[in-house]
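Enquirer: Just so it is clear, I am handing over structure27.csv, which has CSV, C-alpha atoms and all ligand atoms.
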```csv
chain,number,residue,atom,x,y,z
A,1,MET,CA,9.7,-22.1,7.2
A,2,ALA,CA,8.0,-19.4,5.1
A,3,ALA,CA,8.0,-15.9,6.7
A,4,ARG,CA,4.8,-13.9,7.2
A,5,ILE,CA,5.0,-10.7,5.3
A,6,LEU,CA,4.9,-7.4,7.2
A,7,ASP,CA,2.8,-5.3,4.9
A,8,GLY,CA,3.9,-1.7,5.5
A,9,LYS,CA,1.6,-0.4,2.7
A,10,ALA,CA,-1.5,-1.7,4.4
A,11,LEU,CA,-0.4,-0.7,7.9
A,12,ALA,CA,0.5,2.8,6.7
A,13,ALA,CA,-3.0,3.1,5.1
A,14,ARG,CA,-4.5,2.1,8.4
A,15,LEU,CA,-2.4,4.7,10.3
A,16,ARG,CA,-3.5,7.4,7.8
A,17,ALA,CA,-7.1,6.5,8.3
A,18,GLU,CA,-6.7,6.7,12.1
A,19,LEU,CA,-5.0,10.1,11.7
A,20,ARG,CA,-7.8,11.4,9.5
A,21,THR,CA,-10.4,10.4,12.1
A,22,ARG,CA,-8.4,12.0,14.9
A,23,ILE,CA,-8.0,15.2,12.9
A,24,GLU,CA,-11.7,15.3,12.0
A,25,THR,CA,-12.7,14.8,15.7
A,26,GLY,CA,-10.2,17.4,16.9
A,27,LEU,CA,-11.3,20.0,14.4
A,28,ALA,CA,-14.9,19.4,15.4
A,29,ALA,CA,-13.8,20.0,19.0
A,30,GLY,CA,-12.3,23.3,18.0
A,31,ARG,CA,-8.6,22.4,17.7
A,32,PRO,CA,-6.6,24.2,15.1
A,33,ARG,CA,-6.0,22.5,11.8
A,34,PRO,CA,-2.5,21.0,11.8
A,35,GLY,CA,-0.2,22.6,9.3
A,36,LEU,CA,2.9,21.2,7.6
A,37,ALA,CA,5.3,23.5,5.6
A,38,THR,CA,7.3,21.6,3.0
A,39,VAL,CA,10.5,23.3,1.8
A,40,LEU,CA,12.3,22.1,-1.4
A,41,VAL,CA,15.5,23.6,-2.7
A,42,GLY,CA,16.7,22.8,-6.2
A,43,ASP,CA,15.9,20.4,-9.0
A,44,ASP,CA,16.7,16.9,-7.6
A,45,PRO,CA,14.0,14.8,-9.4
A,46,ALA,CA,13.8,12.2,-6.5
A,47,SER,CA,13.3,14.9,-4.0
A,48,HIS,CA,10.4,16.4,-6.1
A,49,VAL,CA,8.7,12.9,-6.1
A,50,TYR,CA,9.2,12.5,-2.3
A,51,VAL,CA,7.8,16.0,-1.5
A,52,ARG,CA,4.8,15.5,-3.9
A,53,ASN,CA,3.9,12.2,-2.1
A,54,LYS,CA,4.2,13.9,1.4
A,55,ARG,CA,2.0,16.8,0.3
A,56,LYS,CA,-0.6,14.4,-1.2
A,57,ALA,CA,-0.6,12.4,2.1
A,58,CYS,CA,-1.2,15.6,4.1
A,59,GLU,CA,-4.2,16.4,1.9
A,60,GLU,CA,-5.6,12.9,2.4
A,61,VAL,CA,-5.7,13.2,6.2
A,62,GLY,CA,-6.7,16.8,6.6
A,63,ILE,CA,-3.3,18.5,7.3
A,64,ALA,CA,-2.9,21.9,5.7
A,65,ASN,CA,0.2,22.1,3.5
A,66,VAL,CA,2.1,25.2,2.6
A,67,HIS,CA,4.7,24.5,0.0
A,68,HIS,CA,7.9,26.5,-0.7
A,69,GLU,CA,10.0,25.7,-3.7
A,70,LEU,CA,13.3,27.6,-4.0
A,71,ALA,CA,15.7,27.7,-6.9
A,72,ALA,CA,18.9,25.8,-6.6
A,73,ALA,CA,20.8,29.1,-6.7
A,74,THR,CA,18.9,30.4,-3.7
A,75,PRO,CA,21.5,32.0,-1.3
A,76,PRO,CA,21.8,30.0,2.0
A,77,ALA,CA,20.8,33.2,4.0
A,78,ALA,CA,17.5,33.3,2.1
A,79,LEU,CA,16.7,29.7,3.0
A,80,LEU,CA,17.5,30.4,6.7
A,81,ALA,CA,15.3,33.5,6.6
A,82,LEU,CA,12.4,31.4,5.2
A,83,LEU,CA,12.9,28.8,8.0
A,84,ARG,CA,12.8,31.5,10.7
A,85,ALA,CA,9.6,32.9,9.2
A,86,LEU,CA,8.0,29.5,9.2
A,87,ASN,CA,9.2,29.1,12.9
A,88,ALA,CA,7.3,32.2,13.7
A,89,ASP,CA,4.1,31.3,11.8
A,90,PRO,CA,1.4,30.0,14.2
A,91,ALA,CA,-0.4,28.2,11.4
A,92,VAL,CA,2.7,26.1,10.7
A,93,HIS,CA,3.2,23.3,13.2
A,94,GLY,CA,5.7,21.2,11.3
A,95,ILE,CA,8.5,22.1,8.9
A,96,LEU,CA,9.9,19.5,6.5
A,97,LEU,CA,13.1,20.6,4.8
A,98,GLN,CA,13.7,18.1,2.0
A,99,LEU,CA,17.2,16.8,1.9
A,100,PRO,CA,19.7,16.8,0.3
A,101,LEU,CA,20.3,20.5,-0.1
A,102,PRO,CA,22.2,21.8,-3.2
A,103,ALA,CA,25.9,22.4,-2.8
A,104,GLY,CA,26.8,25.6,-1.0
A,105,HIS,CA,24.2,25.1,1.8
A,106,ASP,CA,25.2,24.0,5.3
A,107,GLN,CA,22.7,21.2,5.9
A,108,HIS,CA,23.4,21.0,9.7
A,109,LEU,CA,22.9,24.7,10.1
A,110,ALA,CA,19.6,24.6,8.2
A,111,LEU,CA,18.3,21.7,10.2
A,112,GLU,CA,19.3,23.5,13.5
A,113,THR,CA,17.5,26.6,12.3
A,114,VAL,CA,14.2,24.7,12.3
A,115,ALA,CA,12.5,25.2,15.7
A,116,SER,CA,12.9,22.0,17.6
A,117,GLY,CA,9.1,21.9,18.3
A,118,LYS,CA,8.4,22.0,14.6
A,119,ASP,CA,11.1,19.5,13.6
A,120,VAL,CA,8.8,16.7,12.4
A,121,ASP,CA,11.7,14.9,10.8
A,122,GLY,CA,13.3,14.5,14.2
A,123,PHE,CA,16.7,15.6,12.9
A,124,HIS,CA,17.3,18.6,15.2
A,125,PRO,CA,20.2,18.0,17.6
A,126,LEU,CA,17.9,18.8,20.5
A,127,ASN,CA,15.4,16.1,19.5
A,128,GLN,CA,18.2,13.7,18.8
A,129,GLY,CA,19.8,14.5,22.2
A,130,ARG,CA,16.4,13.9,23.8
A,131,LEU,CA,16.2,10.5,22.1
A,132,LEU,CA,19.6,9.6,23.4
A,133,GLN,CA,18.5,10.6,26.9
A,134,GLY,CA,15.1,8.8,26.6
A,135,ARG,CA,13.2,12.0,27.1
A,136,PRO,CA,10.1,13.1,25.1
A,137,GLY,CA,10.7,14.7,21.8
A,138,LEU,CA,10.0,14.4,18.1
A,139,ARG,CA,11.5,11.1,16.8
A,140,PRO,CA,12.7,10.5,13.2
A,141,CYS,CA,10.0,9.1,11.0
A,142,THR,CA,11.7,6.1,9.4
A,143,PRO,CA,12.9,4.7,12.8
A,144,LEU,CA,9.4,5.2,14.2
A,145,GLY,CA,8.0,3.4,11.2
A,146,VAL,CA,10.4,0.5,11.9
A,147,MET,CA,9.2,0.3,15.5
A,148,ARG,CA,5.5,0.3,14.4
A,149,LEU,CA,6.2,-2.6,12.1
A,150,LEU,CA,7.9,-4.5,14.9
A,151,ALA,CA,5.0,-3.8,17.2
A,152,GLU,CA,2.7,-5.3,14.5
A,153,THR,CA,4.4,-8.7,14.8
A,154,GLY,CA,3.5,-8.9,18.5
A,155,VAL,CA,7.0,-10.2,19.2
A,156,ALA,CA,8.2,-8.9,22.6
A,157,LEU,CA,11.5,-7.1,22.2
A,158,ALA,CA,12.6,-7.1,25.8
A,159,GLY,CA,15.9,-9.0,26.2
A,160,LYS,CA,16.0,-10.0,22.5
A,161,ARG,CA,19.2,-9.8,20.5
A,162,ALA,CA,18.6,-7.0,17.9
A,163,LEU,CA,21.1,-6.2,15.2
A,164,VAL,CA,21.0,-2.9,13.3
A,165,VAL,CA,23.1,-2.8,10.2
A,166,GLY,CA,23.9,0.8,9.3
A,167,ARG,CA,24.7,3.7,11.7
A,168,SER,CA,23.4,6.9,10.0
A,169,HIS,CA,21.8,9.7,12.0
A,170,ILE,CA,18.6,9.3,10.1
A,171,VAL,CA,18.1,5.6,10.4
A,172,GLY,CA,20.6,3.3,12.1
A,173,LYS,CA,21.5,5.2,15.2
A,174,PRO,CA,18.0,6.3,16.1
A,175,VAL,CA,16.6,2.8,15.4
A,176,ALA,CA,19.2,1.3,17.8
A,177,LEU,CA,18.2,3.8,20.5
A,178,LEU,CA,14.5,3.1,20.1
A,179,LEU,CA,15.2,-0.7,20.3
A,180,LEU,CA,17.2,0.0,23.5
A,181,GLU,CA,14.3,1.9,24.9
A,182,GLN,CA,12.2,-1.3,24.4
A,183,ASN,CA,14.9,-3.2,26.3
A,184,ALA,CA,16.3,-5.2,23.4
A,185,THR,CA,19.9,-6.2,23.6
A,186,VAL,CA,21.2,-4.0,20.7
A,187,THR,CA,24.2,-4.4,18.4
A,188,LEU,CA,25.0,-1.6,16.0
A,189,SER,CA,27.0,-2.7,13.0
A,190,HIS,CA,28.5,-0.9,10.0
A,191,SER,CA,31.0,-1.2,7.2
A,192,ARG,CA,33.9,-2.0,9.5
A,193,THR,CA,32.1,-4.8,11.4
A,194,GLU,CA,34.0,-8.1,11.4
A,195,ASP,CA,31.9,-11.2,10.6
A,196,LEU,CA,28.6,-9.5,9.7
A,197,ALA,CA,27.3,-13.0,8.8
A,198,GLY,CA,27.9,-14.2,12.3
A,199,GLU,CA,26.2,-11.1,13.8
A,200,VAL,CA,23.2,-11.6,11.6
A,201,GLY,CA,23.1,-15.3,12.5
A,202,ARG,CA,22.7,-14.4,16.2
A,203,ALA,CA,20.0,-11.7,15.7
A,204,ALA,CA,16.4,-12.4,16.7
A,205,VAL,CA,15.5,-9.0,15.2
A,206,LEU,CA,17.4,-7.7,12.2
A,207,ILE,CA,17.1,-4.1,10.9
A,208,ALA,CA,19.1,-3.6,7.6
A,209,ALA,CA,19.7,0.1,6.6
A,210,THR,CA,22.8,0.2,4.4
A,211,GLY,CA,21.7,1.0,0.9
A,212,LYS,CA,23.7,-2.0,-0.4
A,213,PRO,CA,21.4,-4.3,-2.4
A,214,GLY,CA,21.4,-7.9,-1.3
A,215,LEU,CA,24.2,-7.3,1.3
A,216,ILE,CA,22.4,-9.5,3.9
A,217,ARG,CA,22.4,-13.0,2.5
A,218,GLY,CA,19.3,-15.1,3.1
A,219,ASP,CA,21.2,-18.0,4.5
A,220,TRP,CA,22.7,-15.8,7.2
A,221,ILE,CA,19.3,-15.2,8.8
A,222,ARG,CA,18.6,-16.8,12.2
A,223,PRO,CA,15.6,-19.1,11.8
A,224,GLY,CA,12.5,-17.4,13.3
A,225,ALA,CA,14.0,-13.9,13.1
A,226,VAL,CA,12.0,-10.7,12.4
A,227,VAL,CA,13.6,-9.0,9.5
A,228,ILE,CA,13.0,-5.3,8.7
A,229,ASP,CA,14.6,-4.1,5.5
A,230,VAL,CA,14.9,-0.3,5.3
A,231,GLY,CA,17.1,-0.3,2.2
A,232,ILE,CA,15.7,1.1,-1.0
A,233,ASN,CA,18.0,0.4,-3.9
A,234,ARG,CA,17.3,0.8,-7.6
A,235,LEU,CA,18.7,-2.0,-9.7
A,236,PRO,CA,20.1,-1.4,-13.2
A,237,ASP,CA,16.8,-2.8,-14.7
A,238,GLY,CA,14.8,-0.2,-12.8
A,239,ARG,CA,13.4,-2.5,-10.1
A,240,LEU,CA,13.6,-1.5,-6.4
A,241,THR,CA,15.2,-3.9,-4.0
A,242,GLY,CA,16.2,-3.9,-0.3
A,243,ASP,CA,19.4,-4.7,1.5
A,244,VAL,CA,18.3,-8.3,2.3
A,245,GLU,CA,18.1,-11.2,-0.2
A,246,PHE,CA,14.3,-11.4,0.2
A,247,GLU,CA,13.4,-14.8,-1.3
A,248,ALA,CA,16.1,-16.8,0.6
A,249,ALA,CA,15.6,-14.8,3.8
A,250,ALA,CA,11.8,-15.4,3.7
A,251,GLN,CA,12.6,-19.2,3.9
A,252,ARG,CA,14.2,-18.7,7.3
A,253,ALA,CA,12.6,-15.6,8.9
A,254,ALA,CA,9.3,-15.6,10.9
A,255,TRP,CA,8.4,-12.1,9.6
A,256,ILE,CA,9.9,-10.0,6.8
A,257,THR,CA,9.2,-6.7,5.2
A,258,PRO,CA,9.0,-6.5,1.4
A,259,VAL,CA,10.8,-3.8,-0.7
A,260,PRO,CA,8.9,-1.8,-1.9
A,261,GLY,CA,5.8,-1.8,0.3
A,262,GLY,CA,7.5,-2.3,3.7
A,263,VAL,CA,9.2,0.6,5.6
A,264,GLY,CA,8.9,3.1,2.8
A,265,PRO,CA,5.1,3.9,3.1
A,266,MET,CA,5.5,3.9,6.9
A,267,THR,CA,7.9,6.9,6.8
A,268,ILE,CA,5.3,9.2,5.4
A,269,ALA,CA,2.5,8.0,7.7
A,270,LEU,CA,4.8,8.7,10.7
A,271,LEU,CA,5.6,12.2,9.3
A,272,LEU,CA,1.9,12.9,9.4
A,273,HIS,CA,1.7,11.5,12.9
A,274,ASN,CA,4.6,13.7,14.0
A,275,THR,CA,2.9,16.8,12.5
A,276,LEU,CA,-0.2,16.0,14.5
A,277,GLU,CA,1.9,15.6,17.7
A,278,ALA,CA,3.7,18.9,17.0
A,279,ALA,CA,0.3,20.6,16.5
A,280,TRP,CA,-1.7,19.2,19.4
A,281,SER,CA,0.7,17.7,21.9
A,282,PRO,CA,3.9,19.6,21.5
A,283,PRO,CA,6.9,18.2,23.4
A,284,PRO,CA,8.2,20.5,26.2
A,285,GLY,CA,10.6,23.3,25.2
B,1,LIG,P1,23.8,6.0,4.8
B,1,LIG,O1,24.6,5.8,3.5
B,1,LIG,O2,23.8,7.3,5.5
B,1,LIG,O3,24.4,4.9,5.8
B,1,LIG,C1,24.6,3.6,5.4
B,1,LIG,C2,25.2,2.8,6.5
B,1,LIG,O4,25.4,1.5,6.1
B,1,LIG,C3,26.5,3.3,7.1
B,1,LIG,O5,26.5,3.3,8.4
B,1,LIG,C4,27.5,2.3,6.5
B,1,LIG,O6,28.6,2.0,7.4
B,1,LIG,C5,26.7,1.0,6.5
B,1,LIG,N1,27.2,0.1,5.5
B,1,LIG,C6,27.6,0.3,4.2
B,1,LIG,N2,28.1,-0.8,3.7
B,1,LIG,C7,28.1,-1.7,4.6
B,1,LIG,C8,28.6,-3.1,4.7
B,1,LIG,N3,29.1,-3.7,3.6
B,1,LIG,N4,28.4,-3.7,5.8
B,1,LIG,C9,27.9,-3.2,6.9
B,1,LIG,N5,27.4,-1.9,6.9
B,1,LIG,C10,27.5,-1.2,5.8
B,1,LIG,O7,22.4,5.5,4.4
B,1,LIG,P2,20.9,5.8,5.2
B,1,LIG,O8,21.0,5.4,6.6
B,1,LIG,O9,20.5,7.2,4.9
B,1,LIG,O10,20.0,4.9,4.3
B,1,LIG,C11,20.2,3.5,4.3
B,1,LIG,C12,19.2,2.9,3.3
B,1,LIG,O11,17.9,3.1,3.8
B,1,LIG,C13,19.3,3.4,1.9
B,1,LIG,O12,19.0,2.4,1.0
B,1,LIG,C14,18.2,4.4,1.9
B,1,LIG,O13,17.6,4.6,0.6
B,1,LIG,C15,17.1,3.7,2.8
B,1,LIG,N6,16.2,4.7,3.4
B,1,LIG,C16,14.9,4.3,3.3
B,1,LIG,C17,14.0,5.1,3.9
B,1,LIG,C18,12.5,4.7,3.9
B,1,LIG,O14,11.7,5.5,4.0
B,1,LIG,N7,12.3,3.4,3.7
B,1,LIG,C19,14.3,6.4,4.6
B,1,LIG,C20,15.7,6.6,4.7
B,1,LIG,C21,16.6,5.8,4.1
B,1,LIG,P3,29.7,3.2,7.7
B,1,LIG,O15,29.1,4.1,8.7
B,1,LIG,O16,30.8,2.4,8.3
B,1,LIG,O17,30.1,3.8,6.4
```
Since I need it in another form, could you write the structure as structure tokens?

Expert:
Amino acid sequence: MAARILDGKALAARLRAELRTRIETGLAAGRPRPGLATVLVGDDPASHVYVRNKRKACEEVGIANVHHELAAATPPAALLALLRALNADPAVHGILLQLPLPAGHDQHLALETVASGKDVDGFHPLNQGRLLQGRPGLRPCTPLGVMRLLAETGVALAGKRALVVGRSHIVGKPVALLLLEQNATVTLSHSRTEDLAGEVGRAAVLIAATGKPGLIRGDWIRPGAVVIDVGINRLPDGRLTGDVEFEAAAQRAAWITPVPGGVGPMTIALLLHNTLEAAWSPPPG
């Protein structure tokens, strides 16, 4: 069997086009222009690339972007003061604090300082708690992107065995909760899991989010499975690759995401989606 490719790049472009139309229509009806503040602290080159891409995507769909770039030596209190000022700014509907922060900053405190209604990354404990309870709130972007890709396959999740490999707060755990919300039968695995191969072999839906290139062997995949590879790993030769052995897995899976061009582009599209939600349909509280 040769898997069908889940083209995240194309789906993300479609989502951005839909968002642009919604924003144009809303603005014409007198709604305020959605605004995203991006906050970048320090000189991490990868973070600069990520933030540039997010800002460019805002511009493309008609979201106003205010960018704040702080030196690595910025005192933590100054960052918190900026976040509080953005919380109070009515033109700012979403705040994206690019991670990681330089040493000396308390990442948890900074994320908790962002108003939960402007937390478009979905990392605030209030939003994560609401996700746990199945109540409305802003959801993390990469997990939302995973769910949109799954929806694209048309495969019903209810009752299906879904395996999530990786249990981080930003990917694995929220993906597991979103799958549970869709009534999948969810297993959450991690580096201490015994017999990962056996777990993978039973999964009708597999989400890999470990950051370990090729960890999931192609011949482990259950025939007909849907495989979503969140991993983005740079090989010594500079190429990007996922956590799943793509070629061999594609021989067995029904659907599979490529890396790059799978989950990655979806994350930014869902960030724009969350900004629009925060601006025009804010969750309660
Ligand atoms: P973390 O490093 O925070 O978490 C990795 C998880 O993988 C941990 O739970 C760890 O288990 C688990 N793990 C590590 N080794 C194994 C193993 N041998 N067997 C089973 N589980 C293992 O990573 P993130 O969740 O932040 O990111 C995961 C990947 O997704 C990375 O490649 C990252 O670049 C990518 N990513 C992609 C995004 C996108 O937009 N496409 C966005 C965010 C991340 P344990 O808890 O036991 O240590």

Enquirer: Which one of A:Asp121, A:Glu60, A:Asp44, A:Asp106 sits closest to A:Ala278 if you count only C-alpha atoms?

Expert: A:Asp121

Enquirer: When you count all atoms listed in the file, which of these residues is closest to ligand LIG 1 (chain B): A:Ala37, A:Val186, A:Leu178, A:Ala12?

Expert: A:Ala12

Enquirer: Tell me, counting all atoms listed in the file, for each residue of stretch 118-162 of chain A within 12 Å of stretch 247-257 of chain A, which pair of atoms is nearest and how far apart they are in Å to one decimal, in rows ordered by chain and increasing number, as a Markdown table.

Expert:
```
| residue | atom | partner | partner_atom | distance |
| --- | --- | --- | --- | --- |
| A:Gly145 | CA | A:Thr257 | CA | 11.8 |
| A:Val146 | CA | A:Thr257 | CA | 9.9 |
| A:Leu149 | CA | A:Thr257 | CA | 8.6 |
| A:Leu150 | CA | A:Trp255 | CA | 9.3 |
| A:Ala151 | CA | A:Trp255 | CA | 11.8 |
| A:Glu152 | CA | A:Trp255 | CA | 10.1 |
| A:Thr153 | CA | A:Trp255 | CA | 7.4 |
| A:Gly154 | CA | A:Trp255 | CA | 10.7 |
| A:Val155 | CA | A:Trp255 | CA | 9.9 |
```

Enquirer: Would you mind listing what lies within 7 Å of A:Ile63 as a PyMOL selection string, with only C-alpha atoms counted and same-chain residues fewer than 6 positions away left out?

Expert: chain A and resi 33-36

Enquirer: Around ligand LIG 1 (chain B), out to 8 Å and counting all atoms listed in the file, which residues are there? I want them as a CSV table (one decimal) with C-alpha atoms, in the frame of the given file.

Expert:
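File written: out-v9.csv
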```
chain,number,residue,atom,x,y,z
A,142,THR,CA,11.7,6.1,9.4
A,165,VAL,CA,23.1,-2.8,10.2
A,166,GLY,CA,23.9,0.8,9.3
A,167,ARG,CA,24.7,3.7,11.7
A,168,SER,CA,23.4,6.9,10.0
A,169,HIS,CA,21.8,9.7,12.0
A,170,ILE,CA,18.6,9.3,10.1
A,171,VAL,CA,18.1,5.6,10.4
A,172,GLY,CA,20.6,3.3,12.1
A,189,SER,CA,27.0,-2.7,13.0
A,190,HIS,CA,28.5,-0.9,10.0
A,191,SER,CA,31.0,-1.2,7.2
A,192,ARG,CA,33.9,-2.0,9.5
A,193,THR,CA,32.1,-4.8,11.4
A,196,LEU,CA,28.6,-9.5,9.7
A,208,ALA,CA,19.1,-3.6,7.6
A,209,ALA,CA,19.7,0.1,6.6
A,210,THR,CA,22.8,0.2,4.4
A,211,GLY,CA,21.7,1.0,0.9
A,212,LYS,CA,23.7,-2.0,-0.4
A,213,PRO,CA,21.4,-4.3,-2.4
A,215,LEU,CA,24.2,-7.3,1.3
A,230,VAL,CA,14.9,-0.3,5.3
A,231,GLY,CA,17.1,-0.3,2.2
A,232,ILE,CA,15.7,1.1,-1.0
A,233,ASN,CA,18.0,0.4,-3.9
A,242,GLY,CA,16.2,-3.9,-0.3
A,243,ASP,CA,19.4,-4.7,1.5
A,262,GLY,CA,7.5,-2.3,3.7
A,263,VAL,CA,9.2,0.6,5.6
A,264,GLY,CA,8.9,3.1,2.8
A,265,PRO,CA,5.1,3.9,3.1
A,266,MET,CA,5.5,3.9,6.9
A,267,THR,CA,7.9,6.9,6.8
A,268,ILE,CA,5.3,9.2,5.4
```

Enquirer: What is the distance between atom CA of A:Phe123 and atom CA of A:Cys141, in Å to one decimal?

Expert: 9.5 Å

Enquirer: Can you pull out the residues contacting A:Leu206? Cut-off 6 Å, using all atoms listed in the file, and skip same-chain residues under 5 positions away; I want them as a PyMOL selection string.

Expert: chain A and resi 162-163+227

Enquirer: Between atom CA of A:Thr241 and atom CA of A:Val259, what distance in Å does the model show, to one decimal?

Expert: 5.5 Å

Enquirer: Using all atoms listed in the file for the distances, tell me which of A:Leu177, A:Leu15, A:Ile95, A:Val49 is nearest to A:Arg130.

Expert: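 Ranking A:Leu177, A:Leu15, A:Ile95, A:Val49 by distance to A:Arg130, first place goes to A:Leu177.
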
Enquirer: Find the nearest atom pair between each residue of stretch 59-155 of chain A and stretch 179-185 of chain A for residues within 12 Å, count only C-alpha atoms, give distances in Å to one decimal, sort rows by chain and ascending number, and present the table as CSV.

Expert:
```
residue,atom,partner,partner_atom,distance
A:Leu131,CA,A:Glu181,CA,9.2
A:Leu132,CA,A:Glu181,CA,9.5
A:Gln133,CA,A:Glu181,CA,9.9
A:Gly134,CA,A:Glu181,CA,7.2
A:Arg135,CA,A:Glu181,CA,10.4
A:Pro136,CA,A:Glu181,CA,12.0
A:Pro143,CA,A:Leu179,CA,9.5
A:Leu144,CA,A:Leu179,CA,10.3
A:Val146,CA,A:Leu179,CA,9.7
A:Met147,CA,A:Leu179,CA,7.7
A:Arg148,CA,A:Leu179,CA,11.4
A:Leu150,CA,A:Leu179,CA,9.8
A:Ala151,CA,A:Gln182,CA,10.5
A:Val155,CA,A:Ala184,CA,11.4
```

Enquirer: Would you kindly return, as a PyMOL selection string, each protein, DNA or RNA residue with an atom no farther than 9 Å from any atom of A:Pro100, considering all atoms listed in the file and excluding same-chain residues fewer than 6 positions away?

Expert: chain A and resi 41+44+47+107

Enquirer: Pick from A:Arg55, A:Arg22, A:Arg239, A:Arg139: nearest to A:Val175, with only C-alpha atoms counted?

Expert: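 The shortest atom-to-atom distance to A:Val175 comes from A:Arg139.
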
Enquirer: One decimal, in Å: what's the spacing between atom CA of A:Ala176 and atom CA of A:Leu157?

Expert: 12.2 Å

Enquirer: Given the choices A:Gly201, A:Gly26, A:Pro45, A:Gly238, which gets closest to A:Gly62 if the distance is worked out from all atoms listed in the file?

Expert: A:Gly26

Enquirer: Of the candidates A:Gly224, A:Pro140, A:Gly117, A:Gly214, which shows the shortest atom-to-atom distance to A:Leu271, using only C-alpha atoms?

Expert: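 The closest residue to A:Leu271 is A:Pro140.
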